[in-house]
>>> print(open('coords_13.tsv').read())   # TSV, C-alpha atoms and all ligand atoms
chain	number	residue	atom	x	y	z
A	1	MET	CA	-91.92	173.18	116.42
A	2	PHE	CA	-93.90	171.85	119.36
A	3	LYS	CA	-96.67	170.85	116.99
A	4	LYS	CA	-94.18	168.91	114.90
A	5	PHE	CA	-92.84	167.19	118.02
A	6	LEU	CA	-96.37	166.31	119.11
A	7	ALA	CA	-97.15	164.90	115.66
A	8	ALA	CA	-93.97	162.81	115.79
A	9	LEU	CA	-94.82	161.60	119.30
A	10	MET	CA	-98.34	160.66	118.21
A	11	ALA	CA	-96.87	158.80	115.24
A	12	VAL	CA	-94.57	156.82	117.55
A	13	ILE	CA	-97.45	155.96	119.90
A	14	PHE	CA	-99.64	154.94	116.97
A	15	PHE	CA	-96.89	152.91	115.36
A	16	THR	CA	-96.06	151.16	118.64
A	17	SER	CA	-99.65	150.22	119.43
A	18	ALA	CA	-100.25	149.03	115.85
A	19	GLY	CA	-97.02	147.05	116.11
A	20	THR	CA	-98.21	145.41	119.34
A	21	VAL	CA	-101.49	144.29	117.76
A	22	HIS	CA	-99.55	143.00	114.79
A	23	ALA	CA	-97.16	141.02	117.03
A	24	ALA	CA	-100.04	139.43	118.97
A	25	LYS	CA	-101.62	138.27	115.72
A	26	SER	CA	-98.46	136.80	114.28
A	27	LYS	CA	-97.80	134.26	117.01
A	28	TRP	CA	-95.94	131.18	115.81
A	29	GLN	CA	-97.87	128.30	114.25
A	30	PRO	CA	-96.81	125.28	112.16
A	31	GLU	CA	-97.04	125.17	108.38
A	32	VAL	CA	-98.58	122.46	106.23
A	33	THR	CA	-97.97	121.66	102.56
A	34	ILE	CA	-101.02	120.66	100.49
A	35	GLY	CA	-100.73	119.13	97.01
A	36	LEU	CA	-103.18	120.90	94.67
A	37	LEU	CA	-102.25	120.00	91.09
A	38	SER	CA	-99.95	117.42	89.55
A	39	GLY	CA	-98.74	116.74	86.02
A	40	VAL	CA	-99.20	120.37	84.96
A	41	ASN	CA	-97.11	122.19	82.36
A	42	GLU	CA	-97.76	125.69	83.65
A	43	VAL	CA	-99.42	127.63	86.45
A	44	THR	CA	-100.45	131.25	86.90
A	45	LEU	CA	-99.72	132.86	90.27
A	46	GLN	CA	-100.49	136.23	91.78
A	47	PHE	CA	-99.38	137.20	95.29
A	48	THR	CA	-100.74	139.84	97.67
A	49	LEU	CA	-97.26	140.76	99.02
A	50	PRO	CA	-93.84	141.14	97.38
A	51	CYS	CA	-92.30	137.65	97.31
A	52	ILE	CA	-89.02	135.89	96.74
A	53	MET	CA	-88.60	132.74	94.67
A	54	LYS	CA	-85.89	130.44	96.03
A	55	ASP	CA	-84.40	127.19	94.82
A	56	ILE	CA	-85.47	124.45	97.25
A	57	ASP	CA	-82.10	122.66	97.18
A	58	THR	CA	-79.62	125.54	97.46
A	59	LYS	CA	-82.06	127.97	99.21
A	60	LYS	CA	-80.62	130.63	96.92
A	61	GLN	CA	-82.79	133.46	95.67
A	62	ILE	CA	-83.76	133.09	92.01
A	63	LYS	CA	-85.82	136.25	91.65
A	64	LYS	CA	-88.18	138.74	93.25
A	65	ILE	CA	-91.86	138.57	92.41
A	66	PRO	CA	-93.77	141.85	92.76
A	67	ASN	CA	-97.23	141.72	94.32
A	68	SER	CA	-100.49	142.16	92.43
A	69	GLN	CA	-98.95	141.07	89.15
A	70	ALA	CA	-99.93	137.70	87.68
A	71	ILE	CA	-97.01	135.57	86.52
A	72	THR	CA	-97.11	132.33	84.57
A	73	ILE	CA	-94.48	129.75	85.42
A	74	LYS	CA	-93.80	126.86	83.06
A	75	ALA	CA	-92.47	123.50	84.21
A	76	SER	CA	-89.69	123.94	81.63
A	77	ASP	CA	-88.61	127.17	83.44
A	78	ILE	CA	-87.65	125.14	86.51
A	79	GLN	CA	-84.10	123.85	86.11
A	80	THR	CA	-83.66	122.16	89.53
A	81	SER	CA	-85.86	119.90	91.69
A	82	GLY	CA	-88.15	122.79	92.52
A	83	VAL	CA	-88.77	126.30	93.78
A	84	GLU	CA	-90.49	127.87	96.77
A	85	ILE	CA	-92.19	131.28	96.83
A	86	ARG	CA	-92.61	133.11	100.16
A	87	PRO	CA	-93.07	136.72	101.25
A	88	GLU	CA	-90.01	138.95	101.02
A	89	LYS	CA	-90.50	140.56	104.45
A	90	ASP	CA	-93.76	139.74	106.19
A	91	ASP	CA	-94.63	136.29	107.48
A	92	LEU	CA	-96.56	133.63	105.64
A	93	GLN	CA	-99.87	134.11	107.45
A	94	HIS	CA	-100.37	137.55	105.89
A	95	LEU	CA	-99.92	136.26	102.35
A	96	HIS	CA	-102.59	135.11	99.92
A	97	VAL	CA	-101.97	133.71	96.48
A	98	LEU	CA	-104.24	133.28	93.49
A	99	ILE	CA	-103.37	129.92	91.93
A	100	ASN	CA	-104.87	129.84	88.43
A	101	GLY	CA	-107.28	132.50	89.70
A	102	LYS	CA	-108.31	130.68	92.92
A	103	ASP	CA	-107.58	132.26	96.29
A	104	TYR	CA	-105.34	130.34	98.75
A	105	PHE	CA	-103.69	131.17	102.07
A	106	GLY	CA	-99.88	131.30	102.19
A	107	GLY	CA	-97.21	130.63	99.58
A	108	VAL	CA	-96.37	128.12	96.88
A	109	LYS	CA	-93.92	125.32	96.18
A	110	LEU	CA	-93.46	123.98	92.65
A	111	LEU	CA	-91.82	120.56	92.36
A	112	LYS	CA	-90.37	119.39	89.07
A	113	ARG	CA	-91.65	115.92	88.15
A	114	GLY	CA	-90.14	114.79	84.83
A	115	SER	CA	-91.31	117.31	82.24
A	116	THR	CA	-94.26	118.50	84.35
A	117	MET	CA	-94.64	119.89	87.86
A	118	THR	CA	-96.66	119.52	91.06
A	119	VAL	CA	-98.24	122.67	92.50
A	120	ILE	CA	-98.20	122.77	96.30
A	121	ASN	CA	-99.72	125.32	98.66
A	122	ILE	CA	-97.64	126.14	101.78
A	123	ALA	CA	-100.18	127.32	104.37
A	124	PRO	CA	-100.06	128.17	108.08
A	125	VAL	CA	-102.04	125.35	109.79
A	126	GLU	CA	-104.65	127.68	111.35
A	127	GLU	CA	-105.39	129.39	108.02
A	128	TYR	CA	-105.56	126.00	106.29
A	129	LEU	CA	-108.13	124.89	108.92
A	130	ARG	CA	-110.27	127.95	108.17
A	131	GLY	CA	-110.51	126.60	104.62
A	132	VAL	CA	-111.11	123.00	105.71
A	133	LEU	CA	-113.79	123.43	108.38
A	134	PRO	CA	-116.68	124.63	106.13
A	135	LYS	CA	-116.01	121.63	103.87
A	136	GLU	CA	-116.21	119.17	106.76
A	137	MET	CA	-119.18	120.59	108.71
A	138	ILE	CA	-122.10	122.88	107.85
A	139	GLN	CA	-121.16	126.45	108.87
A	140	SER	CA	-124.59	127.20	110.39
A	141	TRP	CA	-124.27	124.36	112.93
A	142	PRO	CA	-123.81	125.22	116.66
A	143	ILE	CA	-120.44	126.75	117.54
A	144	GLU	CA	-119.52	124.03	120.06
A	145	ALA	CA	-119.99	121.32	117.39
A	146	LEU	CA	-117.86	123.38	114.98
A	147	LYS	CA	-115.18	123.75	117.66
A	148	ALA	CA	-115.13	119.97	118.31
A	149	GLN	CA	-114.74	119.44	114.54
A	150	ALA	CA	-111.95	122.05	114.39
A	151	VAL	CA	-109.97	120.17	117.06
A	152	ALA	CA	-110.50	116.83	115.26
A	153	ALA	CA	-109.41	118.38	111.92
A	154	ARG	CA	-106.33	120.03	113.50
A	155	THR	CA	-105.41	116.76	115.22
A	156	PHE	CA	-105.69	115.01	111.85
A	157	VAL	CA	-103.29	117.46	110.18
A	158	LEU	CA	-100.64	117.30	112.85
A	159	LYS	CA	-100.88	113.51	113.07
A	160	ASN	CA	-100.77	112.75	109.34
A	161	ARG	CA	-97.93	114.84	108.00
A	162	GLU	CA	-96.22	111.84	106.38
A	163	LYS	CA	-99.27	110.73	104.41
A	164	HIS	CA	-98.05	112.00	101.02
A	165	LYS	CA	-94.31	111.98	101.68
A	166	LYS	CA	-93.61	110.16	98.41
A	167	ASP	CA	-95.50	112.86	96.49
A	168	GLY	CA	-93.40	115.68	97.98
A	169	TYR	CA	-96.10	117.25	100.14
A	170	GLU	CA	-97.94	116.44	103.41
A	171	LEU	CA	-101.67	116.29	102.62
A	172	CYS	CA	-103.85	116.24	99.52
A	173	ALA	CA	-106.90	118.49	99.15
A	174	THR	CA	-109.52	115.73	98.69
A	175	THR	CA	-111.55	113.45	100.99
A	176	HIS	CA	-108.52	111.11	101.02
A	177	CYS	CA	-107.03	113.56	103.54
A	178	GLN	CA	-109.29	116.58	104.17
A	179	VAL	CA	-111.23	118.60	101.62
A	180	TYR	CA	-109.60	122.02	101.14
A	181	SER	CA	-110.38	124.56	98.48
A	182	GLY	CA	-108.53	127.58	99.80
A	183	VAL	CA	-110.15	130.77	101.01
A	184	GLU	CA	-113.85	129.90	101.23
A	185	THR	CA	-114.47	130.92	104.81
A	186	PHE	CA	-117.34	131.88	107.12
A	187	PRO	CA	-117.37	133.89	110.39
A	188	THR	CA	-118.71	130.90	112.38
A	189	THR	CA	-116.11	128.39	111.20
A	190	ASP	CA	-113.33	131.03	111.54
A	191	LYS	CA	-114.45	131.57	115.14
A	192	ALA	CA	-114.38	127.81	115.84
A	193	VAL	CA	-110.79	127.64	114.55
A	194	SER	CA	-109.53	130.73	116.42
A	195	GLU	CA	-111.20	129.78	119.72
A	196	THR	CA	-109.46	126.38	119.67
A	197	ARG	CA	-106.15	127.67	118.26
A	198	GLY	CA	-103.36	125.11	118.66
A	199	GLU	CA	-105.55	122.57	120.50
A	200	VAL	CA	-105.24	118.88	119.64
A	201	LEU	CA	-106.30	115.57	121.18
A	202	TYR	CA	-103.59	113.94	123.20
A	203	HIS	CA	-103.24	110.50	124.76
A	204	GLY	CA	-100.28	108.65	126.21
A	205	GLY	CA	-97.90	111.56	125.59
A	206	ARG	CA	-98.63	112.10	121.90
A	207	THR	CA	-101.11	113.44	119.38
A	208	VAL	CA	-103.70	110.76	118.63
A	209	ASP	CA	-105.66	109.68	115.58
A	210	ALA	CA	-108.95	111.57	115.72
A	211	PRO	CA	-111.19	110.07	113.02
A	212	PHE	CA	-114.72	111.34	112.50
A	213	HIS	CA	-117.79	110.37	110.48
A	214	ALA	CA	-121.22	111.78	109.63
A	215	ASP	CA	-123.60	109.84	111.91
A	216	SER	CA	-123.00	107.01	114.41
A	217	GLY	CA	-126.54	105.64	114.11
A	218	GLY	CA	-126.87	105.21	117.89
A	219	MET	CA	-123.44	103.86	118.87
A	220	THR	CA	-119.95	104.52	117.55
A	221	GLU	CA	-117.69	101.67	116.41
A	222	SER	CA	-114.47	100.45	117.96
A	223	ALA	CA	-111.45	101.09	115.67
A	224	VAL	CA	-110.40	97.43	115.91
A	225	ASN	CA	-113.51	96.35	113.98
A	226	VAL	CA	-112.87	98.78	111.12
A	227	TRP	CA	-109.10	99.00	110.73
A	228	GLY	CA	-108.01	96.00	112.83
A	229	GLY	CA	-105.78	97.17	115.73
A	230	ASN	CA	-107.17	98.16	119.08
A	231	VAL	CA	-106.92	101.86	119.93
A	232	ALA	CA	-107.53	102.83	123.58
A	233	HIS	CA	-109.41	106.08	122.90
A	234	LEU	CA	-111.43	104.73	119.95
A	235	GLN	CA	-113.89	102.31	121.53
A	236	ALA	CA	-117.62	101.78	120.85
A	237	ILE	CA	-119.53	104.54	122.67
A	238	ALA	CA	-123.32	104.52	123.16
A	239	GLU	CA	-125.04	107.80	122.29
A	240	GLU	CA	-127.35	109.42	124.84
A	241	ASP	CA	-130.01	110.10	122.22
A	242	LYS	CA	-130.89	108.06	119.18
A	243	HIS	CA	-130.59	111.15	116.98
A	244	THR	CA	-130.28	109.35	113.71
A	245	GLN	CA	-131.93	108.98	110.34
A	246	ALA	CA	-132.91	105.50	109.21
A	247	TRP	CA	-132.04	104.63	105.62
A	248	THR	CA	-132.98	101.96	103.05
A	249	VAL	CA	-131.21	100.82	99.90
A	250	LYS	CA	-133.05	98.49	97.51
A	251	PHE	CA	-132.10	96.22	94.59
A	252	THR	CA	-134.14	93.77	92.55
A	253	VAL	CA	-133.10	90.16	93.23
A	254	TYR	CA	-131.96	90.01	89.59
A	255	ASP	CA	-129.75	93.12	89.94
A	256	PHE	CA	-128.33	91.95	93.25
A	257	SER	CA	-127.50	88.50	91.81
A	258	SER	CA	-125.75	89.98	88.77
A	259	ARG	CA	-123.62	92.19	91.06
A	260	MET	CA	-122.52	88.97	92.83
A	261	GLY	CA	-121.17	87.56	89.51
A	262	ASP	CA	-121.90	84.55	87.26
A	263	ALA	CA	-120.40	81.99	89.63
A	264	PHE	CA	-122.89	83.00	92.36
A	265	GLY	CA	-126.11	82.11	90.52
A	266	THR	CA	-129.36	83.58	91.81
A	267	LEU	CA	-129.81	84.89	95.36
A	268	LYS	CA	-131.65	82.45	97.64
A	269	SER	CA	-131.24	83.92	101.15
A	270	PHE	CA	-129.17	85.88	103.65
A	271	ASN	CA	-127.78	84.62	106.92
A	272	LEU	CA	-127.46	87.45	109.46
A	273	SER	CA	-128.43	87.91	113.14
A	274	PRO	CA	-131.15	90.48	113.86
A	275	LEU	CA	-129.93	94.02	114.54
A	276	THR	CA	-129.94	95.35	118.09
A	277	ILE	CA	-127.87	98.51	118.58
A	278	GLY	CA	-125.44	97.90	121.44
A	279	LYS	CA	-125.63	94.09	121.27
A	280	SER	CA	-122.97	91.89	119.69
A	281	SER	CA	-123.43	88.43	118.14
A	282	ASN	CA	-121.25	86.05	116.14
A	283	ASP	CA	-121.65	88.18	113.02
A	284	ARG	CA	-122.13	91.65	114.56
A	285	SER	CA	-119.85	93.89	116.66
A	286	THR	CA	-120.91	95.45	119.98
A	287	SER	CA	-122.41	98.47	118.24
A	288	GLY	CA	-124.54	96.15	116.09
A	289	ARG	CA	-122.52	96.71	112.90
A	290	VAL	CA	-122.23	93.80	110.50
A	291	LYS	CA	-118.90	91.99	110.77
A	292	VAL	CA	-119.74	89.26	108.28
A	293	LEU	CA	-122.73	88.61	106.05
A	294	LYS	CA	-123.50	85.17	104.60
A	295	ILE	CA	-125.09	85.41	101.15
A	296	VAL	CA	-126.55	82.18	99.78
A	297	GLY	CA	-126.86	81.76	96.01
A	298	THR	CA	-128.04	78.87	93.83
A	299	LYS	CA	-124.42	78.09	92.84
A	300	LYS	CA	-122.46	79.06	95.95
A	301	THR	CA	-122.49	80.76	99.36
A	302	VAL	CA	-120.40	83.89	99.87
A	303	GLN	CA	-119.11	85.20	103.22
A	304	MET	CA	-118.71	88.94	102.86
A	305	LYS	CA	-117.26	91.37	105.40
A	306	GLY	CA	-119.58	94.19	106.45
A	307	ASP	CA	-117.23	96.82	105.05
A	308	GLU	CA	-116.99	95.03	101.74
A	309	ALA	CA	-120.80	94.84	101.53
A	310	ARG	CA	-120.98	98.55	102.32
A	311	ARG	CA	-118.69	99.37	99.40
A	312	LYS	CA	-120.13	96.84	96.95
A	313	PHE	CA	-123.75	97.92	97.46
A	314	SER	CA	-123.04	101.62	98.25
A	315	LEU	CA	-124.59	101.44	101.73
A	316	PRO	CA	-124.30	104.49	104.05
A	317	SER	CA	-122.98	102.30	106.93
A	318	THR	CA	-122.51	98.71	108.12
A	319	LEU	CA	-125.25	99.11	110.76
A	320	PHE	CA	-127.96	97.33	108.78
A	321	GLU	CA	-130.40	94.47	108.33
A	322	VAL	CA	-131.10	92.87	104.98
A	323	ASN	CA	-134.20	91.03	103.82
A	324	ILE	CA	-135.72	89.68	100.65
A	325	ILE	CA	-139.19	91.17	100.28
A	326	GLY	CA	-141.05	89.95	97.19
A	327	ASP	CA	-138.55	90.29	94.35
A	328	GLU	CA	-136.58	92.97	96.14
A	329	VAL	CA	-133.47	92.96	98.34
A	330	VAL	CA	-133.97	95.59	101.04
A	331	PHE	CA	-131.07	96.88	103.14
A	332	SER	CA	-132.34	99.00	106.05
A	333	GLY	CA	-130.04	100.62	108.56
A	334	TYR	CA	-128.83	103.59	110.58
A	335	GLY	CA	-125.91	105.98	110.57
A	336	LYS	CA	-123.51	107.19	107.91
A	337	GLY	CA	-119.79	106.60	107.61
A	338	HIS	CA	-117.32	104.20	109.27
A	339	GLY	CA	-118.64	105.03	112.75
A	340	VAL	CA	-115.26	105.49	114.47
A	341	GLY	CA	-114.56	108.54	116.68
A	342	LEU	CA	-116.63	111.71	116.56
A	343	SER	CA	-120.10	111.58	115.03
A	344	GLN	CA	-120.85	114.92	113.38
A	345	TYR	CA	-124.64	114.70	113.73
A	346	GLY	CA	-124.07	113.51	117.30
A	347	ALA	CA	-121.83	116.50	118.05
A	348	LYS	CA	-124.54	118.80	116.66
A	349	ALA	CA	-127.20	117.19	118.89
A	350	TYR	CA	-125.00	117.47	122.02
A	351	ALA	CA	-124.13	121.10	121.22
A	352	GLU	CA	-127.86	121.85	120.90
A	353	LYS	CA	-128.31	120.32	124.36
A	354	GLY	CA	-125.71	122.75	125.73
A	355	TRP	CA	-122.59	120.57	125.78
A	356	THR	CA	-119.28	122.41	125.27
A	357	TYR	CA	-116.78	121.19	122.67
A	358	ASP	CA	-114.43	119.68	125.26
A	359	LYS	CA	-117.28	117.61	126.71
A	360	ILE	CA	-118.28	116.47	123.20
A	361	LEU	CA	-114.68	115.44	122.43
A	362	ALA	CA	-114.33	113.63	125.79
A	363	HIS	CA	-117.48	111.65	124.95
A	364	TYR	CA	-116.26	110.44	121.54
A	365	TYR	CA	-112.52	110.06	122.30
A	366	LYS	CA	-112.57	108.35	125.72
A	367	GLY	CA	-109.48	109.07	127.78
A	368	ALA	CA	-107.94	111.52	125.29
A	369	THR	CA	-107.28	115.02	126.62
A	370	LEU	CA	-107.08	118.43	125.00
A	371	LYS	CA	-103.61	119.90	124.73
A	372	LYS	CA	-102.69	123.36	123.44
A	373	LEU	CA	-99.55	122.88	121.35
A	374	TYR	CA	-99.09	126.56	120.46
B	401	ZN	ZN	-104.51	112.49	100.77
>>> encode(input="coords_13.tsv", output="structure tokens", more="lines below")
Ligand SMILES: [Zn+2]
Amino acid sequence: MFKKFLAALMAVIFFTSAGTVHAAKSKWQPEVTIGLLSGVNEVTLQFTLPCIMKDIDTKKQIKKIPNSQAITIKASDIQTSGVEIRPEKDDLQHLHVLINGKDYFGGVKLLKRGSTMTVINIAPVEEYLRGVLPKEMIQSWPIEALKAQAVAARTFVLKNREKHKKDGYELCATTHCQVYSGVETFPTTDKAVSETRGEVLYHGGRTVDAPFHADSGGMTESAVNVWGGNVAHLQAIAEEDKHTQAWTVKFTVYDFSSRMGDAFGTLKSFNLSPLTIGKSSNDRSTSGRVKVLKIVGTKKTVQMKGDEARRKFSLPSTLFEVNIIGDEVVFSGYGKGHGVGLSQYGAKAYAEKGWTYDKILAHYYKGATLKKLY
């Protein structure tokens, strides 16, 4: 009898302590909806927990979906504007779903679009970030650089929830928003997410835009020169070290001229001030990036914005010089990406010097502060 009582007591103690751990892990966090597939006729789903399918308009239960059993849902099966599938009992952060065989965090929403449907993943933000971080930064990089990136990525999510409103979800899974391919995680990037849980960049009482790019090339760019519109915490910031790779992109004069079109004729010369990082001129911003490039042809002269030149000639950045050498056009420059906000290679270099993630973020987003939202 006593033995039985002891066993029962032990069971209660065990259950209680396990319950406590469980409760600590399931602290509240926001959810995000990510559009994965559109225009599909059917999708195969398999959940790790027993789930409930509900109509998104009436919120009424349509059916139960047992776990570990793959089900195929056809667009023609959906009679209303859509359905949502969530765990029957447990919360969303303990659920995984295989969508056409690929592992994702959280549940699923299927929106009817004409005769087809859109497949949307409903994920807890912190789990979603575990999937995003290894796609945005190399997982073997220093932990403080990964943590700075985690904060920038989290800030992006919570700031841009209206980006795909017309499509019926919040973010897409490509570079347009942030690259996400579900559960492809690493211990280092997981650690960077959990150690910064809920932290975002804040300025003037709200979550800010926290853009990032690969490499500043020596100095970041002010947002006004890239997207037009001055942003207090996104100014040109000089780097302490010139930790950057120089690049060159070459064309033959013939190739270059044909890219400029028939009305341009043949390239004669360029008109551009010499590049000094950190020095502005009439055609360069303070960081040295090209604002406008004058291209002189035999038939006409073209004024091209730096950004336009970057796209047209597939240049890594707008921090460049251009010269005609023999029968070649040689673009030579520094940096990679738009140059606004955090530089990923810069963050790596500072982390290697011993900077913590908050110091790295304070360097790139001047005046913005870290705030723990949950
Ligand atoms: Zn997008």
>>> residues_around(input="coords_13.tsv", residues="Asp283 (chain A)", least_positions_apart="6", cutoff="7 Å", atoms="all atoms listed in the file", output="PyMOL selection string")
chain A and resi 272-273+290-292
>>> residues_near_ligand(input="coords_13.tsv", ligand="ligand ZN 401 (chain B)", cutoff="12 Å", atoms="all atoms listed in the file", output="VMD selection string")
chain A and resid 33 to 36 156 to 157 160 to 180
>>> atom_distance(input="coords_13.tsv", atom1="CA of Lys102 (chain A)", atom2="CA of Thr48 (chain A)")
12.8 Å
>>> residues_around(input="coords_13.tsv", residues="Ser332 (chain A)", least_positions_apart="6", cutoff="6 Å", atoms="only C-alpha atoms", output="list in words")
Trp247, Thr248, Phe320 and Glu321 of chain A
>>> closest_atom_pairs(input="coords_13.tsv", of="region 147-200 of chain A", to="region 210-216 of chain A", cutoff="10 Å", atoms="only C-alpha atoms", output="Markdown table")
| residue | atom | partner | partner_atom | distance |
| --- | --- | --- | --- | --- |
| A:Gln149 | CA | A:Phe212 | CA | 8.4 |
| A:Val151 | CA | A:Ala210 | CA | 8.8 |
| A:Ala152 | CA | A:Ala210 | CA | 5.5 |
| A:Ala153 | CA | A:Ala210 | CA | 7.8 |
| A:Arg154 | CA | A:Ala210 | CA | 9.1 |
| A:Thr155 | CA | A:Ala210 | CA | 6.3 |
| A:Phe156 | CA | A:Ala210 | CA | 6.1 |
| A:Val157 | CA | A:Ala210 | CA | 9.9 |
| A:Lys159 | CA | A:Ala210 | CA | 8.7 |
| A:Val200 | CA | A:Ala210 | CA | 9.1 |
>>> closest_residue(input="coords_13.tsv", among="A:Glu221, A:Glu184, A:Asp77, A:Asp90", to="Thr286 (chain A)", atoms="all atoms listed in the file")
A:Glu221
>>> atom_distance(input="coords_13.tsv", atom1="CA of Pro142 (chain A)", atom2="CA of Ala351 (chain A)")
6.2 Å
>>> closest_residue(input="coords_13.tsv", among="A:Ala349, A:Ala362, A:Ile73, A:Leu158", to="Pro124 (chain A)", atoms="all atoms listed in the file")
A:Leu158
>>> residues_around(input="coords_13.tsv", residues="Gly346 (chain A)", least_positions_apart="4", cutoff="10 Å", atoms="all atoms listed in the file", output="list of chain:residue names")
A:Ala145, A:His213, A:Ala214, A:Asp215, A:Ser216, A:Gly217, A:Gly218, A:Met219, A:Thr220, A:Glu239, A:Glu240, A:Asp241, A:Lys242, A:His243, A:Thr244, A:Leu342, A:Tyr350, A:Ala351, A:Glu352, A:Ile360, A:Tyr364
>>> atom_distance(input="coords_13.tsv", atom1="CA of Leu201 (chain A)", atom2="CA of Tyr365 (chain A)")
8.4 Å
>>> closest_residue(input="coords_13.tsv", among="A:Ile78, A:Leu129, A:Trp355, A:Gln344", to="Val183 (chain A)", atoms="all atoms listed in the file")
A:Leu129
>>> residues_around(input="coords_13.tsv", residues="Val108 (chain A)", least_positions_apart="6", cutoff="9 Å", atoms="all atoms listed in the file", output="PyMOL selection string")
chain A and resi 33+45+83-86+97+99+119-123
>>> axis_aligned_box(input="coords_13.tsv", around="region 118-130 of chain A", padding_each_side="6 Å", output="AutoDock Vina command-line options")
--center_x -103.5 --center_y 124.5 --center_z 101.2 --size_x 25.6 --size_y 21.9 --size_z 32.3
>>> closest_residue(input="coords_13.tsv", among="A:Gly198, A:Thr118, A:Phe105, A:Gln61", to="Gly82 (chain A)", atoms="only C-alpha atoms")
A:Thr118
>>> residues_near_point(input="coords_13.tsv", point="(-127.7, 85.1, 107.8)", cutoff="12 Å", atoms="all atoms listed in the file", output="MDAnalysis selection string")
chainID A and resid 268:275 281:284 290:296 301:304 321:324
>>> closest_residue(input="coords_13.tsv", among="A:Ile237, A:Leu315, A:Ile52, A:Leu370", to="Gly339 (chain A)", atoms="all atoms listed in the file")
A:Ile237
>>> closest_residue(input="coords_13.tsv", among="A:Gln46, A:Thr318, A:Ser343, A:Thr116", to="Ile277 (chain A)", atoms="all atoms listed in the file")
A:Thr318
>>> residues_around(input="coords_13.tsv", residues="Lys63 (chain A)", least_positions_apart="6", cutoff="9 Å", atoms="only C-alpha atoms", output="list in words")
Cys51, Ile52, Met53 and Lys54 of chain A
>>> write_last_selection(input="coords_13.tsv", atoms="C-alpha atoms", output="compact mmCIF listing (two decimals), in the frame of the given file")
# COMPACT_ATOMS: atom_id res chain seq x y z
CA CYS A 51 -92.30 137.65 97.31
CA ILE A 52 -89.02 135.89 96.74
CA MET A 53 -88.60 132.74 94.67
CA LYS A 54 -85.89 130.44 96.03
>>> build_atoms(input="coords_13.tsv", residues="region 222-232 of chain A", atoms="N, CA, C and O atoms", output="mmCIF file, in the coordinates of the input")
data_model
loop_
_atom_site.group_PDB
_atom_site.id
_atom_site.type_symbol
_atom_site.label_atom_id
_atom_site.label_comp_id
_atom_site.auth_asym_id
_atom_site.auth_seq_id
_atom_site.Cartn_x
_atom_site.Cartn_y
_atom_site.Cartn_z
ATOM 1 N N SER A 222 -115.840 100.576 117.483
ATOM 2 C CA SER A 222 -114.470 100.450 117.960
ATOM 3 C C SER A 222 -113.534 100.357 116.738
ATOM 4 O O SER A 222 -113.847 99.682 115.757
ATOM 5 N N ALA A 223 -112.390 101.052 116.810
ATOM 6 C CA ALA A 223 -111.450 101.090 115.670
ATOM 7 C C ALA A 223 -111.009 99.690 115.254
ATOM 8 O O ALA A 223 -110.814 99.424 114.073
ATOM 9 N N VAL A 224 -110.896 98.776 116.216
ATOM 10 C CA VAL A 224 -110.400 97.430 115.910
ATOM 11 C C VAL A 224 -111.291 96.720 114.884
ATOM 12 O O VAL A 224 -110.817 95.956 114.051
ATOM 13 N N ASN A 225 -112.588 97.006 114.907
ATOM 14 C CA ASN A 225 -113.510 96.350 113.980
ATOM 15 C C ASN A 225 -113.510 96.965 112.584
ATOM 16 O O ASN A 225 -114.085 96.401 111.664
ATOM 17 N N VAL A 226 -112.889 98.134 112.434
ATOM 18 C CA VAL A 226 -112.870 98.780 111.120
ATOM 19 C C VAL A 226 -111.486 98.691 110.492
ATOM 20 O O VAL A 226 -111.345 98.343 109.320
ATOM 21 N N TRP A 227 -110.465 98.982 111.283
ATOM 22 C CA TRP A 227 -109.100 99.000 110.730
ATOM 23 C C TRP A 227 -108.217 97.918 111.339
ATOM 24 O O TRP A 227 -107.038 97.846 110.999
ATOM 25 N N GLY A 228 -108.742 97.099 112.222
ATOM 26 C CA GLY A 228 -108.010 96.000 112.830
ATOM 27 C C GLY A 228 -106.892 96.490 113.726
ATOM 28 O O GLY A 228 -106.021 96.898 113.374
ATOM 29 N N GLY A 229 -106.784 96.506 114.895
ATOM 30 C CA GLY A 229 -105.780 97.170 115.730
ATOM 31 C C GLY A 229 -106.543 97.968 116.765
ATOM 32 O O GLY A 229 -107.232 98.934 116.407
ATOM 33 N N ASN A 230 -106.409 97.519 118.005
ATOM 34 C CA ASN A 230 -107.170 98.160 119.080
ATOM 35 C C ASN A 230 -106.549 99.516 119.420
ATOM 36 O O ASN A 230 -105.341 99.641 119.515
ATOM 37 N N VAL A 231 -107.384 100.527 119.560
ATOM 38 C CA VAL A 231 -106.920 101.860 119.930
ATOM 39 C C VAL A 231 -107.683 102.281 121.185
ATOM 40 O O VAL A 231 -108.912 102.323 121.177
ATOM 41 N N ALA A 232 -106.922 102.570 122.266
ATOM 42 C CA ALA A 232 -107.530 102.830 123.580
ATOM 43 C C ALA A 232 -108.641 103.876 123.553
ATOM 44 O O ALA A 232 -109.696 103.672 124.144
#
